[in-house]
Amino acid sequence: MDRQPLGPDRDTFPKLVIRNAERFGQRVAIREKDYGIWQAYTWRDYVDQARLIALGLASLGFARGDKIAIIGDNRPQLYWTVMAAQALGGVPVPIYQDSIEREVQYVIDHAEARFALVEDQEQVDKLLHIKGQSPRLEYIVYDDSRGMRSYSEPFLSSLAELVERGRKFEVGHPTYFDDEVARGRADDVAIICYTSGTTGVSKGAVLSHRNLILTAENAAAFEGVRSDEEILSYLPMAWVGDHVFSYAQSIVSGFAINCPESAATVLHDLKEIGPTYFFAPPRIWETILTNVMVRVEDCAWPKRKLVHFFFGLAQEIERARLSQEPVPAWRRLLHPLGRLLVHGPLRDNLGMRRVRRAYTAGEAIGPEIFVFFRALGINVKQIYGMTEASVFITIQKDGDVRLDTVGTPIPGVELKISPAGEVLYRSPGVFQGYYKDPEATRQAVEDGWVRSGDAGFIDHAGHLRIVDRAKDVGRLADGTLFAPKYLENKLKFSPYVKEAVCIGAHRPHVTALINIDLTAVGNWAERRKIAYTSYTDLSQKPEVYDLIQREVERVNRSLIEDEVLRGARIRKFLILHKELDPDDEEITRTRKVRRGYIAQKYAALIEALYGDREHVAVEAKVTYEDGRTGTIRADVRIREVAAAGQEAG
Amino acid sequence: MTGGAPGPLLEVEGVSVRFGALVALSRVSLAIDRGEIRAIIGPNGAGKTTLLNVISGFYHPYEGRIVFDGRDRTNLKPPDVARLGIARTFQNVALFKGMSVLDNLMTGRLLRMKGSFLLEALYWGPARRQELEHRASVERIIDFLEIQAIRKTPAGRLPYGLQKRVELGRALAAEPQLLLLDEPMAGMNVEEKEDMCRFILDVNEEFGTTIALIEHDMGVVMDISDRVAVLNYGRKIADGQPEHVRKDPAVLDAYLGMSHD
């Protein structure tokens, strides 16, 4: 592969952060809301803090090539630690903070992490439990010392103590930090991102400084990202997306990141920060949409009518624009009124008034959700990315956004479609391989081309269109094409549907397992005075089945318009008695459905969907975050949906 | 650990309380050491809340005395007790329902606020500095109790378990030496109880606050307390470490006796 040149003074992230501190040391690099106030740290602070952490680690024997596991919410201290490890030629390995012990242990063992820096007692407890079986793990540092007083393990210290050690170490080794930074090279490993993997165990994608710097630069140039952007860093640090936006691109472009106060305050913090650059997986967009719709339904009717009218109007206009059709004059004339009365205030209320560009990534987004936010005047665009590509492969360019494509390749990325219809790509961001897994690497990469695992094609305008996961696209028993994710996203547009799994490959027809959204359906039930005791109870109410049936019928109706997929309408569905949960391995930590596992776990339910029973008794095992397990029992109903033609008559 | 005179932080010596002919407490003696978590348990009507009310000055004992930090202070009024460094929560949550969580916590700082009406009104000079200091210390408590997301929510709109947590926060805002908790876990589900236990332990560890808590659920208390006193019909029937109290025949009798009738 072509190696783009990177000057030796700017070929690693620590060097770039130091450059930022020299160029604009007093500008804000990181804000964190703490004690109710946004506390700001400049680029100068970034370097100073990372240096002390690095020297503290060095005093403990952290050497080049060592791995350090990083576990916790988005905190400045954890981002500094990423840089500190890189400055010493080490490798940060971020781990999802809500992982259960077994998952944490897998990554720590596999990555051979000698050190761990974690946020708080909760994470320390996980590590102490696994330390006995993970002898390589030597030293644990925690940031928040709350509840840690009675811990006396010699291999445990607070970040404050580590920084203190760093200060002392610096006295004897005044140039150590600068020397180590200078030894860094573009092709050193910058990070190992363990993918959450919809199939089997997670794999560690190795990314170099060159991969990340070039990709971040190319994407920033393609999109006109500036140094005065503000972003909210609220997605898990273990997700490559957060690493690229909150670390790589922030450093390359020199813009500020903002760490929310807590996971529960994210939407509120979003409003306070008013980011200019925002990224969210479809999941978050769905949550925001649900919150908006629940509030709209709670309004008095004149307000509700007004909102629905202008939502409808703006969506019609947006759809016409996206498909390059003319917009009728009356709509164009009314639109500014909608912006004044509804869209503008709502956008402001959501904290998206200043957004110049927002991305949805990680998974395909439902077209209805996408149109909804664009109609509000938020420049939401799809990006197509993968951990293995340092995220960016394609982006929808401003003014060239289509509903059914994911845009065009960013500079440096080449695309081709394999004879089997799979999307392949090649770019400077292509990873160095899976850590300690040459077999998996060989399967994924051939002659520098990476197999995306997605089925898709490039249309006449050069846009990439993704149909589905290559292995998920199937055919019904009679040969009709069936793309499960396409149907699921349509279902998920409903605020009442939180998750859906469609089944149909080699079957006579399509069926669906549906998860209701407790907030939205609970609210709906309360307004109708339907009493319920629990999620399970609510999910099996006949009224809720009627509600969801209407949503399924809506999806079936919309399918008629698609000539390729119209044969795959949903014939039967059931509502699951429990929420799909990453702790039960039904979805990944990034909330992607694990089809294989679900097909196995709910085999009895699925068989019932293809039988003629009207309900089926089930037991489901649930795993709590601390590893305990419990059982939920329920009697699940099955509902048949009439064909679209019939119910219209 | 807080300083002060040697000996226990609080001593209750032979205290009796009567309501007319009813003897609510009969010669109860009890010491609370500095830095410990002290539980007072007993069946319904055993006199637990009465004892707490005596300590916090709502009732005055008919006989006996109360020594706090080496000084006799048997007959102080509640505000004076609070000024000495004793804060409490109530069995039935007593928050200002229409006020935000933040404002509720700020009321916990009231006794520490001083200043002139005029300066306060102008929000100028020392008044402004003082307000900022108080806000900062309240924010530390909000962070500690992990209630950032409800900072601006009116207290009355919160679920019960969270209201209890806010009430604990308000008591903490007074930076007490001794914290009295009246059934902090009443009416909570298992998860909320576990959370509350963790907060109580953390308060004790982080701030060195001495804690006396009343509970009638034995299980929870045994796990987190250093010493447990058991009351029954106004008398103390046992006192000591949880594992001893658990096996005490008088205690078993009081509890099992209750559950059999």
# chains A, B, ... in the order shown; residues from 1 in each chain; ligands from 1
>>> interface_residues(of="chain A", to="chain B", cutoff="9 Å", atoms="only C-alpha atoms", output="list in words")
Asp34, Tyr35, Gly36, Arg146, Gly147, Met148, Arg149, Ser150, Glu261, Ser262, Ala263, Ala264, Thr265, Val266 and His268 of chain A
>>> write_last_selection(atoms="N, CA and C atoms", output="short mmCIF file (atom, residue, chain, number, x, y, z; two decimals), in the first residue's frame")
data_model
loop_
_atom_site.label_atom_id
_atom_site.label_comp_id
_atom_site.auth_asym_id
_atom_site.auth_seq_id
_atom_site.Cartn_x
_atom_site.Cartn_y
_atom_site.Cartn_z
N ASP A 34 -17.98 19.00 36.07
CA ASP A 34 -17.69 18.40 37.35
C ASP A 34 -18.18 19.37 38.41
N TYR A 35 -18.79 18.87 39.45
CA TYR A 35 -19.36 19.71 40.48
C TYR A 35 -20.28 20.79 39.87
N GLY A 36 -20.98 20.42 38.81
CA GLY A 36 -21.97 21.32 38.24
C GLY A 36 -21.41 22.42 37.35
N ARG A 146 -13.04 7.54 45.76
CA ARG A 146 -14.22 7.31 46.57
C ARG A 146 -14.41 5.82 46.90
N GLY A 147 -14.54 5.52 48.20
CA GLY A 147 -14.78 4.14 48.62
C GLY A 147 -13.53 3.27 48.60
N MET A 148 -12.36 3.88 48.32
CA MET A 148 -11.15 3.08 48.12
C MET A 148 -10.24 3.06 49.35
N ARG A 149 -10.67 3.72 50.43
CA ARG A 149 -9.78 3.86 51.57
C ARG A 149 -9.30 2.55 52.17
N SER A 150 -10.21 1.57 52.20
CA SER A 150 -9.86 0.34 52.92
C SER A 150 -9.12 -0.65 52.02
N GLU A 261 -21.21 15.15 32.47
CA GLU A 261 -21.11 14.98 33.92
C GLU A 261 -21.31 13.53 34.33
N SER A 262 -22.32 12.90 33.76
CA SER A 262 -22.54 11.48 34.02
C SER A 262 -23.35 10.93 32.86
N ALA A 263 -23.45 9.61 32.79
CA ALA A 263 -24.18 9.01 31.68
C ALA A 263 -25.63 9.49 31.67
N ALA A 264 -26.17 9.76 32.85
CA ALA A 264 -27.59 10.14 32.93
C ALA A 264 -27.85 11.58 32.49
N THR A 265 -26.79 12.39 32.40
CA THR A 265 -27.01 13.81 32.09
C THR A 265 -26.63 14.17 30.66
N VAL A 266 -26.36 13.16 29.83
CA VAL A 266 -25.82 13.43 28.49
C VAL A 266 -26.71 14.39 27.69
N HIS A 268 -28.84 16.53 28.65
CA HIS A 268 -28.83 17.86 29.26
C HIS A 268 -27.51 18.58 28.94
#
>>> residues_around(residues="Leu231 (chain B)", least_positions_apart="4", cutoff="6 Å", atoms="only C-alpha atoms", output="list in words")
Gly42, Ala46, Arg235, Lys236 and Ile237 of chain B
>>> residues_around(residues="Ile100 (chain A)", least_positions_apart="5", cutoff="12 Å", atoms="only C-alpha atoms", output="PyMOL selection string")
chain A and resi 71+95+105-107+122-123+125-127+129-130+582-585+589+623-628
>>> write_last_selection(atoms="C-alpha atoms", output="mmCIF file, in the first residue's frame")
data_model
loop_
_atom_site.group_PDB
_atom_site.id
_atom_site.type_symbol
_atom_site.label_atom_id
_atom_site.label_comp_id
_atom_site.auth_asym_id
_atom_site.auth_seq_id
_atom_site.Cartn_x
_atom_site.Cartn_y
_atom_site.Cartn_z
ATOM 1 C CA ILE A 71 -11.752 1.387 31.602
ATOM 2 C CA ILE A 95 -12.361 -1.655 27.387
ATOM 3 C CA GLN A 105 -10.658 -10.661 31.670
ATOM 4 C CA TYR A 106 -10.712 -11.883 28.074
ATOM 5 C CA VAL A 107 -9.369 -8.571 26.762
ATOM 6 C CA GLU A 122 -16.612 -0.489 40.467
ATOM 7 C CA GLN A 123 -13.922 -1.188 37.875
ATOM 8 C CA ASP A 125 -13.459 -4.517 42.023
ATOM 9 C CA LYS A 126 -13.809 -6.257 38.653
ATOM 10 C CA LEU A 127 -10.042 -6.250 38.183
ATOM 11 C CA HIS A 129 -11.664 -10.425 41.061
ATOM 12 C CA ILE A 130 -9.878 -11.458 37.905
ATOM 13 C CA PRO A 582 -25.607 -7.090 26.120
ATOM 14 C CA ASP A 583 -25.181 -8.772 29.515
ATOM 15 C CA ASP A 584 -27.133 -11.713 28.094
ATOM 16 C CA GLU A 585 -25.005 -11.591 24.925
ATOM 17 C CA ARG A 589 -22.016 -3.540 23.677
ATOM 18 C CA THR A 623 -27.399 -12.143 33.651
ATOM 19 C CA TYR A 624 -26.977 -9.181 35.987
ATOM 20 C CA GLU A 625 -23.980 -6.908 35.692
ATOM 21 C CA ASP A 626 -22.254 -8.536 38.651
ATOM 22 C CA GLY A 627 -22.477 -11.933 36.963
ATOM 23 C CA ARG A 628 -25.432 -13.356 38.906
#
>>> residues_around(residues="Leu580 (chain A)", least_positions_apart="4", cutoff="10 Å", atoms="only C-alpha atoms", output="list of chain:residue names")
A:Lys498, A:Glu499, A:Ala500, A:Ile514, A:Asn515, A:Leu576, A:Asp584, A:Glu585, A:Glu586, A:Ile587, A:Thr588, A:Arg591, A:Val593, A:Arg594, A:Ile598, A:Val622
>>> write_last_selection(atoms="N, CA and C atoms", output="compact mmCIF listing (two decimals), in the first residue's frame")
# COMPACT_ATOMS: atom_id res chain seq x y z
N LYS A 498 -38.26 -0.81 20.34
CA LYS A 498 -36.90 -0.51 20.71
C LYS A 498 -35.92 -1.35 19.89
N GLU A 499 -36.25 -2.61 19.71
CA GLU A 499 -35.36 -3.50 18.98
C GLU A 499 -36.24 -4.50 18.24
N ALA A 500 -35.78 -4.96 17.09
CA ALA A 500 -36.53 -5.96 16.36
C ALA A 500 -35.57 -6.92 15.69
N ILE A 514 -40.03 -8.78 18.56
CA ILE A 514 -40.00 -7.33 18.80
C ILE A 514 -39.80 -7.04 20.28
N ASN A 515 -38.98 -6.03 20.54
CA ASN A 515 -38.78 -5.49 21.89
C ASN A 515 -39.51 -4.16 21.95
N LEU A 576 -41.22 -9.87 22.61
CA LEU A 576 -40.39 -10.57 23.59
C LEU A 576 -40.71 -10.10 25.00
N ASP A 584 -26.68 -10.37 28.46
CA ASP A 584 -27.13 -11.71 28.09
C ASP A 584 -26.58 -12.13 26.73
N GLU A 585 -25.68 -11.31 26.19
CA GLU A 585 -25.01 -11.59 24.93
C GLU A 585 -25.96 -11.61 23.73
N GLU A 586 -27.15 -11.01 23.88
CA GLU A 586 -28.11 -11.00 22.78
C GLU A 586 -27.80 -9.87 21.81
N ILE A 587 -27.26 -8.77 22.33
CA ILE A 587 -26.77 -7.70 21.48
C ILE A 587 -25.37 -7.36 21.95
N THR A 588 -24.60 -6.71 21.08
CA THR A 588 -23.24 -6.38 21.46
C THR A 588 -23.26 -5.12 22.31
N ARG A 591 -24.68 -2.38 20.78
CA ARG A 591 -26.08 -2.63 20.52
C ARG A 591 -26.37 -3.08 19.10
N VAL A 593 -27.54 -6.40 16.99
CA VAL A 593 -28.19 -7.68 17.25
C VAL A 593 -27.28 -8.84 16.88
N ARG A 594 -27.19 -9.83 17.77
CA ARG A 594 -26.39 -11.03 17.45
C ARG A 594 -27.36 -12.12 17.02
N ILE A 598 -29.32 -15.26 19.04
CA ILE A 598 -30.76 -15.12 19.30
C ILE A 598 -31.54 -16.29 18.69
N VAL A 622 -31.46 -14.45 32.64
CA VAL A 622 -30.89 -13.11 32.54
C VAL A 622 -29.63 -13.06 33.39
>>> closest_residue(among="A:Glu551, A:Asp348, A:Glu32, A:Glu316", to="Lys271 (chain A)", atoms="only C-alpha atoms")
A:Asp348
>>> residues_around(residues="region 89-97 of chain B", least_positions_apart="4", cutoff="6 Å", atoms="only C-alpha atoms", output="PyMOL selection string")
chain B and resi 155-156+181-183
>>> write_last_selection(atoms="N, CA and C atoms", output="short mmCIF file (atom, residue, chain, number, x, y, z; two decimals), in the first residue's frame")
data_model
loop_
_atom_site.label_atom_id
_atom_site.label_comp_id
_atom_site.auth_asym_id
_atom_site.auth_seq_id
_atom_site.Cartn_x
_atom_site.Cartn_y
_atom_site.Cartn_z
N ALA B 155 -38.09 18.21 44.14
CA ALA B 155 -37.95 17.02 44.96
C ALA B 155 -39.21 16.17 44.96
N GLY B 156 -40.37 16.82 44.93
CA GLY B 156 -41.63 16.08 45.00
C GLY B 156 -41.87 15.18 43.80
N LEU B 181 -29.87 8.64 61.14
CA LEU B 181 -30.70 8.24 60.00
C LEU B 181 -31.87 7.41 60.51
N ASP B 182 -33.09 7.93 60.28
CA ASP B 182 -34.26 7.21 60.76
C ASP B 182 -34.82 6.35 59.64
N GLU B 183 -34.62 5.06 59.74
CA GLU B 183 -35.04 4.08 58.73
C GLU B 183 -34.69 4.51 57.30
#
>>> residues_around(residues="Cys197 (chain B)", least_positions_apart="2", cutoff="9 Å", atoms="only C-alpha atoms", output="number ranges by chain")
B: 185, 192-195, 199-202, 220-221, 223-224
>>> write_last_selection(atoms="N, CA and C atoms", output="mmCIF file, in the first residue's frame")
data_model
loop_
_atom_site.group_PDB
_atom_site.id
_atom_site.type_symbol
_atom_site.label_atom_id
_atom_site.label_comp_id
_atom_site.auth_asym_id
_atom_site.auth_seq_id
_atom_site.Cartn_x
_atom_site.Cartn_y
_atom_site.Cartn_z
ATOM 1 N N MET B 185 -33.670 2.885 54.915
ATOM 2 C CA MET B 185 -33.961 1.901 53.863
ATOM 3 C C MET B 185 -35.446 1.542 53.787
ATOM 4 N N GLU B 192 -32.263 -0.454 45.559
ATOM 5 C CA GLU B 192 -32.148 0.839 46.235
ATOM 6 C C GLU B 192 -31.513 0.672 47.615
ATOM 7 N N LYS B 193 -31.858 -0.446 48.277
ATOM 8 C CA LYS B 193 -31.250 -0.695 49.592
ATOM 9 C C LYS B 193 -29.745 -0.864 49.461
ATOM 10 N N GLU B 194 -29.336 -1.629 48.447
ATOM 11 C CA GLU B 194 -27.893 -1.842 48.249
ATOM 12 C C GLU B 194 -27.185 -0.511 47.990
ATOM 13 N N ASP B 195 -27.816 0.326 47.163
ATOM 14 C CA ASP B 195 -27.231 1.639 46.885
ATOM 15 C C ASP B 195 -27.086 2.433 48.174
ATOM 16 N N PHE B 199 -23.820 4.078 50.052
ATOM 17 C CA PHE B 199 -23.654 5.499 50.370
ATOM 18 C C PHE B 199 -23.348 5.687 51.861
ATOM 19 N N ILE B 200 -24.024 4.921 52.714
ATOM 20 C CA ILE B 200 -23.788 5.077 54.152
ATOM 21 C C ILE B 200 -22.342 4.708 54.483
ATOM 22 N N LEU B 201 -21.881 3.595 53.919
ATOM 23 C CA LEU B 201 -20.495 3.185 54.171
ATOM 24 C C LEU B 201 -19.515 4.226 53.640
ATOM 25 N N ASP B 202 -19.817 4.750 52.446
ATOM 26 C CA ASP B 202 -18.910 5.728 51.835
ATOM 27 C C ASP B 202 -18.872 7.035 52.620
ATOM 28 N N VAL B 220 -30.044 -5.949 56.711
ATOM 29 C CA VAL B 220 -29.236 -4.891 56.132
ATOM 30 C C VAL B 220 -28.261 -4.337 57.156
ATOM 31 N N VAL B 221 -28.794 -4.104 58.339
ATOM 32 C CA VAL B 221 -28.043 -3.434 59.382
ATOM 33 C C VAL B 221 -26.839 -4.249 59.826
ATOM 34 N N ASP B 223 -25.025 -6.107 58.215
ATOM 35 C CA ASP B 223 -23.920 -6.066 57.256
ATOM 36 C C ASP B 223 -23.063 -4.822 57.389
ATOM 37 N N ILE B 224 -23.672 -3.703 57.705
ATOM 38 C CA ILE B 224 -22.902 -2.462 57.594
ATOM 39 C C ILE B 224 -22.525 -1.838 58.927
#
>>> closest_residue(among="A:Gly504, A:Pro302, A:Pro76, A:Gly421", to="Tyr247 (chain A)", atoms="only C-alpha atoms")
A:Pro76
>>> closest_residue(among="B:Leu111, B:Leu132, B:Leu180, B:Leu102", to="Ile55 (chain B)", atoms="only C-alpha atoms")
B:Leu180
>>> select_by_dssp(residues="region 4-240 of chain B", states="strand (DSSP E or B)", output="compact mmCIF listing (two decimals) with N, CA and C atoms, in the first residue's frame")
# COMPACT_ATOMS: atom_id res chain seq x y z
N LEU B 10 -20.98 10.48 71.66
CA LEU B 10 -22.29 10.73 72.28
C LEU B 10 -22.55 9.66 73.32
N GLU B 11 -23.00 10.12 74.50
CA GLU B 11 -23.40 9.17 75.52
C GLU B 11 -24.82 9.45 75.96
N VAL B 12 -25.62 8.43 75.93
CA VAL B 12 -26.98 8.52 76.46
C VAL B 12 -26.93 7.76 77.77
N GLU B 13 -27.25 8.46 78.86
CA GLU B 13 -27.10 7.81 80.17
C GLU B 13 -28.43 7.72 80.89
N GLY B 14 -28.93 6.52 81.01
CA GLY B 14 -30.15 6.24 81.78
C GLY B 14 -31.33 7.11 81.41
N VAL B 15 -31.55 7.28 80.11
CA VAL B 15 -32.60 8.18 79.66
C VAL B 15 -33.97 7.51 79.69
N SER B 16 -34.94 8.20 80.27
CA SER B 16 -36.33 7.74 80.23
C SER B 16 -37.19 8.82 79.60
N VAL B 17 -38.18 8.38 78.83
CA VAL B 17 -39.13 9.33 78.24
C VAL B 17 -40.53 8.80 78.48
N ARG B 18 -41.41 9.69 78.93
CA ARG B 18 -42.80 9.29 79.16
C ARG B 18 -43.72 10.19 78.39
N PHE B 19 -44.77 9.59 77.84
CA PHE B 19 -45.86 10.40 77.29
C PHE B 19 -47.04 10.10 78.18
N LEU B 22 -47.61 6.52 79.46
CA LEU B 22 -46.86 5.60 78.61
C LEU B 22 -45.36 5.84 78.74
N VAL B 23 -44.65 4.78 79.07
CA VAL B 23 -43.19 4.91 79.15
C VAL B 23 -42.61 4.49 77.80
N ALA B 24 -42.11 5.47 77.06
CA ALA B 24 -41.58 5.17 75.73
C ALA B 24 -40.15 4.67 75.81
N LEU B 25 -39.37 5.22 76.72
CA LEU B 25 -37.99 4.78 76.92
C LEU B 25 -37.77 4.62 78.40
N SER B 26 -37.11 3.56 78.79
CA SER B 26 -36.93 3.32 80.20
C SER B 26 -35.45 3.09 80.49
N ARG B 27 -34.82 4.11 81.05
CA ARG B 27 -33.41 4.03 81.48
C ARG B 27 -32.50 3.42 80.42
N VAL B 28 -32.57 3.99 79.26
CA VAL B 28 -31.73 3.48 78.18
C VAL B 28 -30.36 4.16 78.23
N SER B 29 -29.30 3.37 78.19
CA SER B 29 -27.94 3.91 78.12
C SER B 29 -27.28 3.38 76.85
N LEU B 30 -26.53 4.24 76.24
CA LEU B 30 -25.98 3.88 74.94
C LEU B 30 -24.83 4.83 74.63
N ALA B 31 -23.74 4.27 74.15
CA ALA B 31 -22.64 5.16 73.76
C ALA B 31 -22.37 5.01 72.28
N ILE B 32 -22.08 6.12 71.63
CA ILE B 32 -21.71 6.06 70.21
C ILE B 32 -20.28 6.57 70.08
N ILE B 37 -20.27 3.18 62.81
CA ILE B 37 -21.65 3.09 62.33
C ILE B 37 -22.41 2.29 63.38
N ARG B 38 -23.35 2.98 64.00
CA ARG B 38 -24.03 2.39 65.15
C ARG B 38 -25.47 2.18 64.75
N ALA B 39 -25.96 0.95 64.87
CA ALA B 39 -27.35 0.71 64.52
C ALA B 39 -28.18 0.55 65.77
N ILE B 40 -29.40 1.05 65.69
CA ILE B 40 -30.36 0.84 66.76
C ILE B 40 -31.55 0.14 66.12
N ILE B 41 -31.77 -1.10 66.55
CA ILE B 41 -32.85 -1.84 65.91
C ILE B 41 -33.87 -2.25 66.96
N GLU B 63 -35.81 11.56 82.80
CA GLU B 63 -34.62 11.41 83.64
C GLU B 63 -33.44 11.00 82.76
N GLY B 64 -32.26 11.07 83.33
CA GLY B 64 -31.06 10.70 82.59
C GLY B 64 -30.44 11.90 81.89
N ARG B 65 -29.29 11.71 81.26
CA ARG B 65 -28.65 12.84 80.60
C ARG B 65 -27.98 12.41 79.29
N ILE B 66 -27.69 13.40 78.49
CA ILE B 66 -27.07 13.16 77.21
C ILE B 66 -25.79 13.98 77.13
N VAL B 67 -24.69 13.32 76.84
CA VAL B 67 -23.40 14.01 76.76
C VAL B 67 -22.91 13.92 75.32
N PHE B 68 -22.68 15.06 74.71
CA PHE B 68 -22.17 15.07 73.34
C PHE B 68 -20.81 15.73 73.33
N ARG B 71 -19.64 17.19 76.65
CA ARG B 71 -20.42 18.19 77.37
C ARG B 71 -21.86 17.75 77.55
N ASP B 72 -22.39 18.05 78.71
CA ASP B 72 -23.79 17.70 78.97
C ASP B 72 -24.67 18.63 78.14
N ILE B 86 -25.03 17.81 64.81
CA ILE B 86 -25.83 16.59 64.68
C ILE B 86 -26.89 16.85 63.61
N ALA B 87 -26.91 16.03 62.57
CA ALA B 87 -27.93 16.20 61.52
C ALA B 87 -28.72 14.91 61.41
N ARG B 88 -29.92 15.01 60.86
CA ARG B 88 -30.73 13.80 60.80
C ARG B 88 -31.58 13.74 59.54
N SER B 100 -36.23 22.57 44.13
CA SER B 100 -35.35 21.67 43.41
C SER B 100 -34.45 20.92 44.40
N PRO B 154 -37.70 19.21 40.77
CA PRO B 154 -38.37 19.43 42.05
C PRO B 154 -38.40 18.13 42.86
N LEU B 178 -22.18 13.97 63.74
CA LEU B 178 -23.00 12.80 64.00
C LEU B 178 -24.21 12.87 63.08
N LEU B 179 -24.43 11.80 62.36
CA LEU B 179 -25.55 11.75 61.42
C LEU B 179 -26.55 10.72 61.91
N LEU B 180 -27.78 11.18 62.12
CA LEU B 180 -28.83 10.28 62.60
C LEU B 180 -29.74 9.93 61.43
N LEU B 181 -29.87 8.64 61.14
CA LEU B 181 -30.70 8.24 60.00
C LEU B 181 -31.87 7.41 60.51
N ASP B 182 -33.09 7.93 60.28
CA ASP B 182 -34.26 7.21 60.76
C ASP B 182 -34.82 6.35 59.64
N THR B 210 -19.62 10.07 62.02
CA THR B 210 -20.18 9.04 62.88
C THR B 210 -21.66 8.90 62.51
N ILE B 211 -22.13 7.67 62.40
CA ILE B 211 -23.50 7.47 61.93
C ILE B 211 -24.28 6.60 62.90
N ALA B 212 -25.46 7.08 63.29
CA ALA B 212 -26.38 6.25 64.05
C ALA B 212 -27.59 6.02 63.18
N LEU B 213 -27.93 4.75 62.95
CA LEU B 213 -29.09 4.54 62.11
C LEU B 213 -30.08 3.59 62.76
N ILE B 214 -31.33 3.89 62.49
CA ILE B 214 -32.42 3.08 63.01
C ILE B 214 -32.95 2.23 61.88
N GLU B 215 -33.20 0.98 62.17
CA GLU B 215 -33.80 0.14 61.14
C GLU B 215 -34.65 -0.89 61.84
N ARG B 227 -21.54 -1.68 65.52
CA ARG B 227 -22.19 -2.17 66.73
C ARG B 227 -23.69 -1.97 66.61
N VAL B 228 -24.43 -2.85 67.26
CA VAL B 228 -25.88 -2.82 67.17
C VAL B 228 -26.48 -2.82 68.57
N ALA B 229 -27.41 -1.90 68.81
CA ALA B 229 -28.17 -1.93 70.06
C ALA B 229 -29.59 -2.34 69.73
N VAL B 230 -30.18 -3.16 70.57
CA VAL B 230 -31.54 -3.62 70.30
C VAL B 230 -32.47 -3.10 71.38
N LEU B 231 -33.54 -2.45 70.97
CA LEU B 231 -34.56 -1.97 71.90
C LEU B 231 -35.80 -2.82 71.77
N ASN B 232 -36.49 -3.02 72.91
CA ASN B 232 -37.79 -3.67 72.86
C ASN B 232 -38.63 -3.08 73.99
N ARG B 235 -36.91 -0.64 76.33
CA ARG B 235 -35.71 -1.03 77.06
C ARG B 235 -34.65 -1.54 76.09
N LYS B 236 -33.40 -1.34 76.51
CA LYS B 236 -32.33 -1.91 75.70
C LYS B 236 -32.15 -3.36 76.13
N ILE B 237 -32.27 -4.29 75.19
CA ILE B 237 -32.15 -5.70 75.57
C ILE B 237 -30.85 -6.33 75.10
N ALA B 238 -30.14 -5.65 74.23
CA ALA B 238 -28.85 -6.20 73.81
C ALA B 238 -28.02 -5.08 73.19
N ASP B 239 -26.72 -5.25 73.19
CA ASP B 239 -25.83 -4.23 72.62
C ASP B 239 -24.49 -4.90 72.33
N GLY B 240 -23.97 -4.71 71.16
CA GLY B 240 -22.67 -5.30 70.87
C GLY B 240 -22.46 -5.48 69.39
>>> select_by_dssp(residues="region 394-446 of chain A", states="helix (DSSP H, G or I)", output="list in words")
Pro438, Glu439, Ala440, Thr441, Arg442, Gln443 and Ala444 of chain A
>>> write_last_selection(atoms="C-alpha atoms", output="short mmCIF file (atom, residue, chain, number, x, y, z; two decimals), in the first residue's frame")
data_model
loop_
_atom_site.label_atom_id
_atom_site.label_comp_id
_atom_site.auth_asym_id
_atom_site.auth_seq_id
_atom_site.Cartn_x
_atom_site.Cartn_y
_atom_site.Cartn_z
CA PRO A 438 -3.11 -14.01 11.93
CA GLU A 439 -5.83 -16.43 10.79
CA ALA A 440 -8.62 -13.87 11.30
CA THR A 441 -6.44 -11.21 9.68
CA ARG A 442 -5.88 -13.44 6.64
CA GLN A 443 -9.61 -13.95 6.31
CA ALA A 444 -10.30 -10.22 6.49
#
>>> residues_around(residues="Gly57 (chain B)", least_positions_apart="4", cutoff="10 Å", atoms="only C-alpha atoms", output="JSON, numbers by chain")
{"B": [51, 52, 53, 61, 73, 74, 75, 76, 77, 78, 79, 80, 81, 82]}
>>> write_last_selection(atoms="C-alpha atoms", output="mmCIF file, in the first residue's frame")
data_model
loop_
_atom_site.group_PDB
_atom_site.id
_atom_site.type_symbol
_atom_site.label_atom_id
_atom_site.label_comp_id
_atom_site.auth_asym_id
_atom_site.auth_seq_id
_atom_site.Cartn_x
_atom_site.Cartn_y
_atom_site.Cartn_z
ATOM 1 C CA LEU B 51 -34.516 7.760 71.190
ATOM 2 C CA LEU B 52 -33.496 9.559 68.012
ATOM 3 C CA ASN B 53 -35.850 12.397 68.871
ATOM 4 C CA PRO B 61 -35.898 13.135 78.779
ATOM 5 C CA ARG B 73 -26.459 18.895 76.603
ATOM 6 C CA THR B 74 -29.551 17.142 77.801
ATOM 7 C CA ASN B 75 -32.038 19.945 77.284
ATOM 8 C CA LEU B 76 -31.051 21.699 74.097
ATOM 9 C CA LYS B 77 -33.571 22.617 71.417
ATOM 10 C CA PRO B 78 -33.335 21.070 67.908
ATOM 11 C CA PRO B 79 -31.650 24.079 66.218
ATOM 12 C CA ASP B 80 -28.995 24.180 68.927
ATOM 13 C CA VAL B 81 -28.416 20.453 68.542
ATOM 14 C CA ALA B 82 -28.001 20.967 64.818
#
